[in-house]
file structure_28.pdb (PDB, C-alpha atoms)
MODEL        1
ATOM      1  CA  MET A   1       0.000   0.000   0.000
ATOM      2  CA  ALA A   2       1.248   3.499  -0.787
ATOM      3  CA  SER A   3      -0.237   6.820   0.277
ATOM      4  CA  HIS A   4       0.711  10.432   0.815
ATOM      5  CA  LEU A   5      -1.294  12.364   3.417
ATOM      6  CA  THR A   6      -0.995  16.001   4.414
ATOM      7  CA  ARG A   7      -2.843  17.783   7.203
ATOM      8  CA  GLY A   8      -5.806  19.740   5.828
ATOM      9  CA  MET A   9      -5.800  18.140   2.409
ATOM     10  CA  ALA A  10      -9.164  17.780   0.686
ATOM     11  CA  TYR A  11      -8.371  14.490  -1.057
ATOM     12  CA  ALA A  12      -6.204  11.396  -0.736
ATOM     13  CA  THR A  13      -5.091   8.709  -3.172
ATOM     14  CA  VAL A  14      -4.042   5.260  -1.959
ATOM     15  CA  GLU A  15      -2.596   2.461  -4.109
ATOM     16  CA  TYR A  16      -3.045  -1.129  -2.911
ATOM     17  CA  PHE A  17      -0.564  -3.730  -4.196
ATOM     18  CA  GLY A  18      -0.185  -7.506  -4.004
ATOM     19  CA  GLY A  19      -3.807  -8.461  -3.452
ATOM     20  CA  MET A  20      -4.404  -6.089  -0.522
ATOM     21  CA  LEU A  21      -8.037  -5.010  -0.253
ATOM     22  CA  PRO A  22      -8.991  -1.469   0.832
ATOM     23  CA  CYS A  23     -10.746  -0.593   4.070
ATOM     24  CA  VAL A  24     -12.058   2.882   4.946
ATOM     25  CA  MET A  25     -12.469   3.545   8.675
ATOM     26  CA  SER A  26     -13.728   6.532  10.637
ATOM     27  CA  GLY A  27     -14.073   7.518  14.262
ATOM     28  CA  ASN A  28     -17.239   9.309  13.181
ATOM     29  CA  ALA A  29     -20.442   7.452  12.225
ATOM     30  CA  PRO A  30     -22.266   8.276   8.982
ATOM     31  CA  ALA A  31     -25.322  10.550   9.211
ATOM     32  CA  SER A  32     -27.082   8.552   6.494
ATOM     33  CA  PRO A  33     -26.496   5.291   4.619
ATOM     34  CA  PRO A  34     -23.580   5.439   2.159
ATOM     35  CA  ILE A  35     -24.720   5.894  -1.468
ATOM     36  CA  VAL A  36     -23.183   3.532  -4.035
ATOM     37  CA  ASP A  37     -22.928   4.667  -7.671
ATOM     38  CA  VAL A  38     -25.413   7.535  -7.087
ATOM     39  CA  THR A  39     -28.486   5.295  -6.648
ATOM     40  CA  ILE A  40     -27.939   2.384  -4.215
ATOM     41  CA  GLU A  41     -28.059   2.708  -0.416
ATOM     42  CA  LEU A  42     -25.372   0.596   1.251
ATOM     43  CA  SER A  43     -26.810  -1.122   4.311
ATOM     44  CA  CYS A  44     -24.536  -0.729   7.316
ATOM     45  CA  GLU A  45     -26.407  -3.160   9.511
ATOM     46  CA  GLY A  46     -23.169  -4.725  10.677
ATOM     47  CA  ILE A  47     -22.197  -4.276  14.322
ATOM     48  CA  ILE A  48     -18.991  -3.478  16.191
ATOM     49  CA  THR A  49     -19.486  -3.986  19.931
ATOM     50  CA  ILE A  50     -16.410  -2.052  21.080
ATOM     51  CA  ASN A  51     -13.860  -1.955  18.305
ATOM     52  CA  ASP A  52     -12.545  -4.441  15.818
ATOM     53  CA  SER A  53      -8.975  -4.411  17.177
ATOM     54  CA  VAL A  54      -9.861  -6.023  20.524
ATOM     55  CA  PRO A  55      -9.663  -9.855  20.560
ATOM     56  CA  GLY A  56     -13.068 -11.430  21.124
ATOM     57  CA  THR A  57     -14.979  -8.355  19.957
ATOM     58  CA  LYS A  58     -18.146  -9.206  18.058
ATOM     59  CA  VAL A  59     -18.088  -7.970  14.454
ATOM     60  CA  VAL A  60     -21.033  -8.768  12.155
ATOM     61  CA  GLU A  61     -20.665  -7.638   8.541
ATOM     62  CA  SER A  62     -23.572  -6.389   6.433
ATOM     63  CA  PRO A  63     -24.382  -7.968   3.028
ATOM     64  CA  ALA A  64     -21.894  -7.083   0.258
ATOM     65  CA  VAL A  65     -22.865  -4.671  -2.532
ATOM     66  CA  THR A  66     -21.103  -4.160  -5.877
ATOM     67  CA  VAL A  67     -19.505  -0.740  -6.360
ATOM     68  CA  ARG A  68     -18.717   0.107  -9.979
ATOM     69  CA  LYS A  69     -17.272   3.614  -9.488
ATOM     70  CA  GLU A  70     -17.948   5.438  -6.205
ATOM     71  CA  VAL A  71     -19.407   5.608  -2.711
ATOM     72  CA  GLN A  72     -20.633   8.841  -1.129
ATOM     73  CA  LEU A  73     -20.297   9.164   2.669
ATOM     74  CA  HIS A  74     -21.809  11.919   4.844
ATOM     75  CA  PHE A  75     -20.589  11.951   8.447
ATOM     76  CA  ARG A  76     -22.782  12.921  11.396
ATOM     77  CA  ASN A  77     -20.649  14.969  13.782
ATOM     78  CA  SER A  78     -18.345  16.646  11.271
ATOM     79  CA  ASP A  79     -21.008  17.368   8.619
ATOM     80  CA  PHE A  80     -18.411  16.416   6.002
ATOM     81  CA  THR A  81     -19.365  14.591   2.807
ATOM     82  CA  TRP A  82     -16.693  12.464   1.153
ATOM     83  CA  ILE A  83     -16.770  10.572  -2.119
ATOM     84  CA  ILE A  84     -14.649   7.429  -2.449
ATOM     85  CA  PHE A  85     -13.651   6.491  -6.014
ATOM     86  CA  PHE A  86     -12.567   2.956  -6.965
ATOM     87  CA  SER A  87     -10.288   2.226  -9.940
ATOM     88  CA  ARG A  88     -12.192  -0.988 -10.687
ATOM     89  CA  PRO A  89     -15.417  -2.643  -9.527
ATOM     90  CA  ALA A  90     -15.461  -4.373  -6.147
ATOM     91  CA  ARG A  91     -17.834  -5.879  -3.595
ATOM     92  CA  VAL A  92     -17.973  -3.900  -0.341
ATOM     93  CA  THR A  93     -19.524  -4.285   3.104
ATOM     94  CA  CYS A  94     -19.877  -1.762   5.893
ATOM     95  CA  LEU A  95     -20.641  -1.661   9.564
ATOM     96  CA  VAL A  96     -21.358   0.968  12.203
ATOM     97  CA  ALA A  97     -20.687   0.769  15.944
ATOM     98  CA  ARG A  98     -24.047   0.401  17.669
ATOM     99  CA  ALA A  99     -23.724  -1.599  20.897
ATOM    100  CA  LEU A 100     -21.303  -0.105  23.391
ATOM    101  CA  GLU A 101     -20.152  -1.716  26.627
ATOM    102  CA  GLY A 102     -20.484   0.677  29.561
ATOM    103  CA  PRO A 103     -21.636   4.281  29.797
ATOM    104  CA  GLY A 104     -19.563   6.806  27.893
ATOM    105  CA  VAL A 105     -17.547   4.157  25.995
ATOM    106  CA  ILE A 106     -16.904   5.307  22.434
ATOM    107  CA  PRO A 107     -15.038   2.922  20.143
ATOM    108  CA  PRO A 108     -12.243   4.407  18.021
ATOM    109  CA  THR A 109     -13.832   2.840  14.944
ATOM    110  CA  MET A 110     -17.418   4.025  14.531
ATOM    111  CA  PHE A 111     -17.627   3.151  10.810
ATOM    112  CA  ARG A 112     -15.832   0.677   8.563
ATOM    113  CA  MET A 113     -16.319  -0.005   4.847
ATOM    114  CA  SER A 114     -14.283  -2.907   3.463
ATOM    115  CA  VAL A 115     -13.659  -4.272  -0.013
ATOM    116  CA  VAL A 116     -14.262  -8.012   0.315
ATOM    117  CA  GLU A 117     -13.608  -9.161  -3.265
ATOM    118  CA  ASP A 118     -12.869  -8.062  -6.823
ATOM    119  CA  VAL A 119     -15.748  -8.152  -9.267
ATOM    120  CA  GLU A 120     -13.696  -8.051 -12.464
ATOM    121  CA  SER A 121     -10.082  -9.120 -12.116
ATOM    122  CA  GLU A 122      -9.389 -10.267 -15.687
ATOM    123  CA  GLY A 123      -6.643  -8.185 -17.298
ATOM    124  CA  VAL A 124      -5.650  -6.377 -14.080
ATOM    125  CA  GLU A 125      -3.285  -8.942 -12.585
ATOM    126  CA  GLY A 126      -0.389  -7.133 -10.917
ATOM    127  CA  ALA A 127      -1.944  -3.685 -11.375
ATOM    128  CA  PRO A 128      -2.529  -1.737  -8.168
ATOM    129  CA  ARG A 129      -6.049  -0.999  -6.990
ATOM    130  CA  ILE A 130      -6.393   2.762  -6.625
ATOM    131  CA  VAL A 131      -8.819   4.335  -4.167
ATOM    132  CA  ARG A 132      -9.332   8.100  -4.076
ATOM    133  CA  ALA A 133     -11.197   9.979  -1.346
ATOM    134  CA  ALA A 134     -12.299  13.559  -2.011
ATOM    135  CA  LEU A 135     -14.003  16.034   0.309
ATOM    136  CA  LEU A 136     -17.185  17.377  -1.314
ATOM    137  CA  ASN A 137     -18.032  20.138   1.170
TER     138      ASN A 137
ENDMDL
END

call {"tool": "encode", "arguments": {"input": "structure_28.pdb", "output": "structure tokens"}}
result
Amino acid sequence: MASHLTRGMAYATVEYFGGMLPCVMSGNAPASPPIVDVTIELSCEGIITINDSVPGTKVVESPAVTVRKEVQLHFRNSDFTWIIFFSRPARVTCLVARALEGPGVIPPTMFRMSVVEDVESEGVEGAPRIVRAALLN
């Protein structure tokens, strides 16, 4: 994976090599369901009980949806809208932290969207998967 990030930048480009699959994570939950290719709502019915880095934590993924070009994400507390562009079609899932253990416990990962498989891999062997995130507002 290769990426260049700068504080305050309005977009980021990440290249994934060697079969790595992208994952977008946020400490902020989405205000509305992510929108896939302008028309499809991505169900984020998956659950993170605390966070997905703690052994034994329950993580239930939502059903996978095919993304041909992009996913639009609008986040609740920041009021930012991001659009995530994919260089080639992929199947993605997402989940949102819902069940928290103890009062005031906020998991570091409130939202996760993961690529779970390639849709069309013919002719792209060895080519990096490129994911671009751009701030819309």

call {"tool": "closest_residue", "arguments": {"input": "structure_28.pdb", "among": "A:Met25, A:Tyr16, A:Leu42, A:Ala127", "to": "Arg91 (chain A)", "atoms": "only C-alpha atoms"}}
result
A:Leu42

call {"tool": "residues_near_point", "arguments": {"input": "structure_28.pdb", "point": "(-20.2, -6.1, 2.9)", "cutoff": "6 Å", "atoms": "only C-alpha atoms", "output": "MDAnalysis selection string"}}
result
chainID A and resid 61:64 92:94

call {"tool": "resolve_selection", "arguments": {"input": "structure_28.pdb", "expression": "the PyMOL selection byres ((chain A and resi 34) around 10)", "output": "number ranges by chain"}}
result
A: 30-33, 35-38, 40-44, 71-75, 82-83, 94, 113

call {"tool": "closest_residue", "arguments": {"input": "structure_28.pdb", "among": "A:Gly18, A:Ser78, A:Asp118, A:Lys69", "to": "Asn137 (chain A)", "atoms": "all atoms listed in the file"}}
result
A:Ser78

call {"tool": "atom_distance", "arguments": {"input": "structure_28.pdb", "atom1": "CA of Val65 (chain A)", "atom2": "CA of Val131 (chain A)"}}
result
16.8 Å

call {"tool": "residues_around", "arguments": {"input": "structure_28.pdb", "residues": "Ala29 (chain A)", "least_positions_apart": "2", "cutoff": "7 Å", "atoms": "all atoms listed in the file", "output": "mmCIF file with C-alpha atoms, in the coordinates of the input"}}
result
data_model
loop_
_atom_site.group_PDB
_atom_site.id
_atom_site.type_symbol
_atom_site.label_atom_id
_atom_site.label_comp_id
_atom_site.auth_asym_id
_atom_site.auth_seq_id
_atom_site.Cartn_x
_atom_site.Cartn_y
_atom_site.Cartn_z
ATOM 1 C CA SER A 26 -13.728 6.532 10.637
ATOM 2 C CA GLY A 27 -14.073 7.518 14.262
ATOM 3 C CA ALA A 31 -25.322 10.550 9.211
ATOM 4 C CA PHE A 75 -20.589 11.951 8.447
ATOM 5 C CA ARG A 76 -22.782 12.921 11.396
ATOM 6 C CA VAL A 96 -21.358 0.968 12.203
ATOM 7 C CA MET A 110 -17.418 4.025 14.531
ATOM 8 C CA PHE A 111 -17.627 3.151 10.810
#

call {"tool": "atom_distance", "arguments": {"input": "structure_28.pdb", "atom1": "CA of Thr81 (chain A)", "atom2": "CA of Thr13 (chain A)"}}
result
16.6 Å

call {"tool": "residues_around", "arguments": {"input": "structure_28.pdb", "residues": "Val14 (chain A)", "least_positions_apart": "2", "cutoff": "12 Å", "atoms": "only C-alpha atoms", "output": "list in words"}}
result
Met1, Ala2, Ser3, His4, Leu5, Tyr11, Ala12, Tyr16, Phe17, Met20, Leu21, Pro22, Cys23, Val24, Ile84, Phe85, Phe86, Ser87, Pro128, Arg129, Ile130, Val131, Arg132, Ala133 and Ala134 of chain A

call {"tool": "atom_distance", "arguments": {"input": "structure_28.pdb", "atom1": "CA of Arg112 (chain A)", "atom2": "CA of Asp79 (chain A)"}}
result
17.5 Å

call {"tool": "closest_residue", "arguments": {"input": "structure_28.pdb", "among": "A:Val67, A:Asn28, A:Leu135, A:Ala97", "to": "Glu45 (chain A)", "atoms": "all atoms listed in the file"}}
result
A:Ala97

call {"tool": "decode", "arguments": {"input": "structure_28.pdb", "residues": "region 28-47 of chain A", "atoms": "N, CA, C and O atoms", "output": "short mmCIF file (atom, residue, chain, number, x, y, z; two decimals), in the first residue's frame"}}
result
data_model
loop_
_atom_site.label_atom_id
_atom_site.label_comp_id
_atom_site.auth_asym_id
_atom_site.auth_seq_id
_atom_site.Cartn_x
_atom_site.Cartn_y
_atom_site.Cartn_z
N ASN A 28 -15.98 8.59 13.26
CA ASN A 28 -17.24 9.31 13.18
C ASN A 28 -18.23 8.45 12.39
O ASN A 28 -17.90 7.97 11.32
N ALA A 29 -19.43 8.27 12.91
CA ALA A 29 -20.44 7.45 12.23
C ALA A 29 -21.09 8.25 11.09
O ALA A 29 -21.16 9.48 11.15
N PRO A 30 -21.58 7.56 10.06
CA PRO A 30 -22.27 8.28 8.98
C PRO A 30 -23.62 8.81 9.45
O PRO A 30 -24.29 8.20 10.28
N ALA A 31 -24.03 9.96 8.89
CA ALA A 31 -25.32 10.55 9.21
C ALA A 31 -26.45 9.87 8.45
O ALA A 31 -27.61 9.91 8.86
N SER A 32 -26.10 9.24 7.34
CA SER A 32 -27.08 8.55 6.49
C SER A 32 -26.37 7.37 5.84
O SER A 32 -25.15 7.31 5.83
N PRO A 33 -27.15 6.43 5.27
CA PRO A 33 -26.50 5.29 4.62
C PRO A 33 -25.60 5.75 3.47
O PRO A 33 -25.95 6.69 2.75
N PRO A 34 -24.43 5.12 3.30
CA PRO A 34 -23.58 5.44 2.16
C PRO A 34 -24.33 5.19 0.84
O PRO A 34 -25.15 4.27 0.76
N ILE A 35 -24.06 6.01 -0.16
CA ILE A 35 -24.72 5.89 -1.47
C ILE A 35 -23.71 5.35 -2.47
O ILE A 35 -22.67 5.95 -2.72
N VAL A 36 -24.04 4.21 -3.07
CA VAL A 36 -23.18 3.53 -4.03
C VAL A 36 -23.62 3.89 -5.45
O VAL A 36 -24.81 3.75 -5.78
N ASP A 37 -22.68 4.35 -6.26
CA ASP A 37 -22.93 4.67 -7.67
C ASP A 37 -24.18 5.52 -7.87
O ASP A 37 -25.00 5.25 -8.74
N VAL A 38 -24.37 6.52 -7.03
CA VAL A 38 -25.41 7.53 -7.09
C VAL A 38 -26.81 7.04 -6.72
O VAL A 38 -27.64 7.82 -6.29
N THR A 39 -27.10 5.75 -6.80
CA THR A 39 -28.49 5.29 -6.65
C THR A 39 -28.74 4.24 -5.57
O THR A 39 -29.87 4.08 -5.15
N ILE A 40 -27.73 3.53 -5.11
CA ILE A 40 -27.94 2.38 -4.22
C ILE A 40 -27.52 2.73 -2.80
O ILE A 40 -26.41 3.20 -2.58
N GLU A 41 -28.43 2.52 -1.82
CA GLU A 41 -28.06 2.71 -0.42
C GLU A 41 -27.32 1.47 0.08
O GLU A 41 -27.81 0.35 -0.08
N LEU A 42 -26.16 1.68 0.68
CA LEU A 42 -25.37 0.60 1.25
C LEU A 42 -25.84 0.38 2.68
O LEU A 42 -25.76 1.28 3.51
N SER A 43 -26.34 -0.81 2.97
CA SER A 43 -26.81 -1.12 4.31
C SER A 43 -25.62 -1.32 5.23
O SER A 43 -24.74 -2.13 4.96
N CYS A 44 -25.60 -0.58 6.32
CA CYS A 44 -24.54 -0.73 7.32
C CYS A 44 -25.12 -1.35 8.57
O CYS A 44 -25.03 -0.81 9.67
N GLU A 45 -25.76 -2.49 8.39
CA GLU A 45 -26.41 -3.16 9.51
C GLU A 45 -25.44 -4.00 10.31
O GLU A 45 -25.81 -4.64 11.27
N GLY A 46 -24.17 -4.01 9.91
CA GLY A 46 -23.17 -4.72 10.68
C GLY A 46 -22.99 -4.07 12.04
O GLY A 46 -23.42 -2.95 12.26
N ILE A 47 -22.34 -4.76 12.95
CA ILE A 47 -22.20 -4.28 14.32
C ILE A 47 -20.75 -4.42 14.78
O ILE A 47 -20.11 -5.43 14.54
#
